[in-house]
Amino acid sequence: MAHVPVMLPEVIQALQPSDGETYVDGTFGGGGYALRVLDAADCALYGIDRDFDAISRAEAISEKQPRLIPLLGRFGDMDALMINAGVDTVDGVMLDIGVSSFQIDQSGRGFSFMRDGPLDMRMGQTGPSAQDVVNQMTASDLTSIIRQLGEERQAKRIANTIVAHRKDAPFESTLQLATCVEDAVGGRRGRKTHPATLTFQAIRMFVNDELGELARGLAAAERLLRVGGRLVVVTFHSLEDRLVKQYMRARAGFTAGASRYMPEAAKGPDPSFELRQRKALEPSDAETSTNPRARSARLRVAVRTAAPAWIEPVETGFRLPSLELVEAAS
Ligand SMILES: C[S@@+](CC[C@H](N)C(=O)[O-])C[C@H]1O[C@@H](n2cnc3c(N)ncnc32)[C@H](O)[C@@H]1O
């Protein structure tokens, strides 16, 4: 099934495509945002994706639309990718965080517990897969991942069941893991969602270092955007929206310790962004009624000021085990 872009009119309104400008779409996916931007103005757009399949789609489109320039890589490295491409500032950056429908719908990619397939979940097709993670990590590391990234209350029980299960037979498929999690929590018992939903989400986020990438991507966009450049970020998960919100508020000078009475309390460097609005934009009722996937979408927009980019790295706020401990078997 094609990927239906979420909050598309709001994203275009926030980016304000104009003739002669240059944009980065850090999550090209099916090109839903990118193509609309290219239609809206006589601009250039660099479409980054870490997934070979997304970049092949972009390459096919760019044969007819040369203002689209596909780049294979991670958006966490977008400033380096762009400098390699000979561009040192841009007018706007879009990020649409998460997986695409193309990725979820392909059983061979292993993202979904609804379809049996190899337990892979890598967006970028390199490095350790979900199978390597569940077969190699200790119960305590798996607990930490499932608890923090899945916010799953039964994380420890699930991790222990995974470790007991793999002694008999290592995990190879999505359905094996989904059934194991279901057994660990004692079946579906009136749950609205599949009992493996949060565990799959946590392992996917860990395998792809999704929060680390988001943190690096925000900082890279800050270095790349010109004065007045727009940063437009759509998230689907509260952990990700919180990271974007805290980053934008901090960079816009809303520091936690400062108040009306002690404005200097936690003064950092000069604000590198101005906020368009303090609250995230949400999808319209009309959109959520036709596309339920849009329900959790949150859009945040910030505009680059003339202040230098901050040197402080963006913290995810999580202490996760290292993915480097896991050996890639395939
Ligand atoms: C939700 S989809 C984007 C859909 C796109 N906006 C559209 O309208 O078709 C997210 C895409 O971002 C890619 N992606 C996720 N994290 C990435 C990262 N750190 N670097 C580059 N691409 C990433 C995924 O491979 C996926 O193709």
# chains A, B, ... in the order shown; residues from 1 in each chain; ligands from 1
$ residues_near_ligand --ligand "ligand 1" --cutoff "6 Å" --atoms "only C-alpha atoms and all ligand atoms" --output "list in words"
His3, Pro5, Gly26, Thr27, Phe28, Gly29, Gly30, Gly31, Gly32, Tyr33, Ile48, Asp49, Arg50, Asp51, Ala54, Gly73, Arg74, Phe75, Gly76, Asp96, Ile97, Gly98, Val99, Ser100, Met123 and Glu213 of chain A
$ write_last_selection --atoms "C-alpha atoms" --output "short mmCIF file (atom, residue, chain, number, x, y, z; two decimals), in the first residue's frame"
data_model
loop_
_atom_site.label_atom_id
_atom_site.label_comp_id
_atom_site.auth_asym_id
_atom_site.auth_seq_id
_atom_site.Cartn_x
_atom_site.Cartn_y
_atom_site.Cartn_z
CA HIS A 3 2.36 5.70 2.09
CA PRO A 5 1.63 11.51 3.96
CA GLY A 26 15.55 13.96 5.82
CA THR A 27 12.94 11.16 5.59
CA PHE A 28 12.10 10.86 1.89
CA GLY A 29 10.09 7.60 2.26
CA GLY A 30 7.58 7.57 -0.60
CA GLY A 31 8.27 11.22 -1.41
CA GLY A 32 4.81 12.40 -0.30
CA TYR A 33 6.14 15.63 1.25
CA ILE A 48 17.67 11.74 2.25
CA ASP A 49 16.71 8.24 3.37
CA ARG A 50 18.70 5.46 4.99
CA ASP A 51 16.62 2.84 3.15
CA ALA A 54 13.30 4.65 -0.71
CA GLY A 73 22.30 8.09 4.37
CA ARG A 74 21.10 9.03 7.81
CA PHE A 75 19.54 12.37 8.57
CA GLY A 76 21.71 12.48 11.72
CA ASP A 96 8.72 12.84 9.29
CA ILE A 97 9.86 10.45 11.97
CA GLY A 98 9.16 6.71 11.93
CA VAL A 99 8.67 3.93 9.42
CA SER A 100 6.82 4.17 6.11
CA MET A 123 15.53 0.65 8.08
CA GLU A 213 19.25 9.80 15.20
#
$ select_by_dssp --residues "range 55-198 of chain A" --states "helix (DSSP H, G or I)" --output "PyMOL selection string"
chain A and resi 55-64+75-84+101-105+107-109+130-136+139-150+155-168+174-184+197-198
$ atom_distance --atom1 "CA of Ala215 in chain A" --atom2 "CA of Ala250 in chain A"
13.1 Å
$ residues_around --residues "Ala306 in chain A" --least-positions-apart "3" --cutoff "8 Å" --atoms "only C-alpha atoms" --output "PyMOL selection string"
chain A and resi 226-228+272
$ write_last_selection --atoms "N, CA, C and O atoms" --output "PDB file, in the first residue's frame"
ATOM      1  N   ARG A 226      19.943  28.337   7.258  1.00  0.00           N
ATOM      2  CA  ARG A 226      20.318  29.753   7.199  1.00  0.00           C
ATOM      3  C   ARG A 226      19.404  30.550   8.134  1.00  0.00           C
ATOM      4  O   ARG A 226      18.380  30.020   8.601  1.00  0.00           O
ATOM      5  N   VAL A 227      19.736  31.811   8.366  1.00  0.00           N
ATOM      6  CA  VAL A 227      18.871  32.677   9.167  1.00  0.00           C
ATOM      7  C   VAL A 227      17.500  32.730   8.481  1.00  0.00           C
ATOM      8  O   VAL A 227      17.424  32.956   7.271  1.00  0.00           O
ATOM      9  N   GLY A 228      16.450  32.484   9.243  1.00  0.00           N
ATOM     10  CA  GLY A 228      15.093  32.483   8.663  1.00  0.00           C
ATOM     11  C   GLY A 228      14.686  31.113   8.127  1.00  0.00           C
ATOM     12  O   GLY A 228      13.548  30.934   7.698  1.00  0.00           O
ATOM     13  N   SER A 272      18.988  29.937  19.209  1.00  0.00           N
ATOM     14  CA  SER A 272      19.297  29.672  17.800  1.00  0.00           C
ATOM     15  C   SER A 272      18.020  29.467  16.991  1.00  0.00           C
ATOM     16  O   SER A 272      18.078  29.346  15.769  1.00  0.00           O
TER      17      SER A 272
END
$ residues_around --residues "range 102-104 of chain A" --least-positions-apart "6" --cutoff "7 Å" --atoms "only C-alpha atoms" --output "number ranges by chain"
A: 1-3, 111-112
$ select_by_dssp --residues "range 145-260 of chain A" --states "strand (DSSP E or B)" --output "list in words"
Ser173, Leu225, Arg226, Val227, Gly228, Gly229, Arg230, Leu231, Val232, Val233, Val234 and Thr235 of chain A
$ write_last_selection --atoms "N, CA and C atoms" --output "mmCIF file, in the first residue's frame"
data_model
loop_
_atom_site.group_PDB
_atom_site.id
_atom_site.type_symbol
_atom_site.label_atom_id
_atom_site.label_comp_id
_atom_site.auth_asym_id
_atom_site.auth_seq_id
_atom_site.Cartn_x
_atom_site.Cartn_y
_atom_site.Cartn_z
ATOM 1 N N SER A 173 11.972 -15.392 13.355
ATOM 2 C CA SER A 173 10.854 -14.761 12.642
ATOM 3 C C SER A 173 10.042 -13.839 13.559
ATOM 4 N N LEU A 225 20.803 25.179 8.687
ATOM 5 C CA LEU A 225 19.776 26.156 8.285
ATOM 6 C C LEU A 225 20.317 27.579 8.268
ATOM 7 N N ARG A 226 19.943 28.337 7.258
ATOM 8 C CA ARG A 226 20.318 29.753 7.199
ATOM 9 C C ARG A 226 19.404 30.550 8.134
ATOM 10 N N VAL A 227 19.736 31.811 8.366
ATOM 11 C CA VAL A 227 18.871 32.677 9.167
ATOM 12 C C VAL A 227 17.500 32.730 8.481
ATOM 13 N N GLY A 228 16.450 32.484 9.243
ATOM 14 C CA GLY A 228 15.093 32.483 8.663
ATOM 15 C C GLY A 228 14.686 31.113 8.127
ATOM 16 N N GLY A 229 15.621 30.143 8.128
ATOM 17 C CA GLY A 229 15.309 28.789 7.634
ATOM 18 C C GLY A 229 14.344 28.077 8.579
ATOM 19 N N ARG A 230 13.487 27.200 7.996
ATOM 20 C CA ARG A 230 12.426 26.560 8.783
ATOM 21 C C ARG A 230 12.761 25.106 9.087
ATOM 22 N N LEU A 231 12.565 24.720 10.347
ATOM 23 C CA LEU A 231 12.713 23.317 10.759
ATOM 24 C C LEU A 231 11.318 22.787 11.065
ATOM 25 N N VAL A 232 10.905 21.763 10.328
ATOM 26 C CA VAL A 232 9.527 21.248 10.405
ATOM 27 C C VAL A 232 9.613 19.764 10.767
ATOM 28 N N VAL A 233 9.098 19.407 11.936
ATOM 29 C CA VAL A 233 9.262 18.020 12.397
ATOM 30 C C VAL A 233 7.905 17.414 12.755
ATOM 31 N N VAL A 234 7.623 16.240 12.174
ATOM 32 C CA VAL A 234 6.399 15.495 12.500
ATOM 33 C C VAL A 234 6.810 14.225 13.237
ATOM 34 N N THR A 235 6.219 13.991 14.401
ATOM 35 C CA THR A 235 6.487 12.750 15.151
ATOM 36 C C THR A 235 5.172 12.008 15.367
#
$ residues_around --residues "Leu275 in chain A" --least-positions-apart "6" --cutoff "8 Å" --atoms "only C-alpha atoms" --output "PyMOL selection string"
chain A and resi 248-249+252+301-303
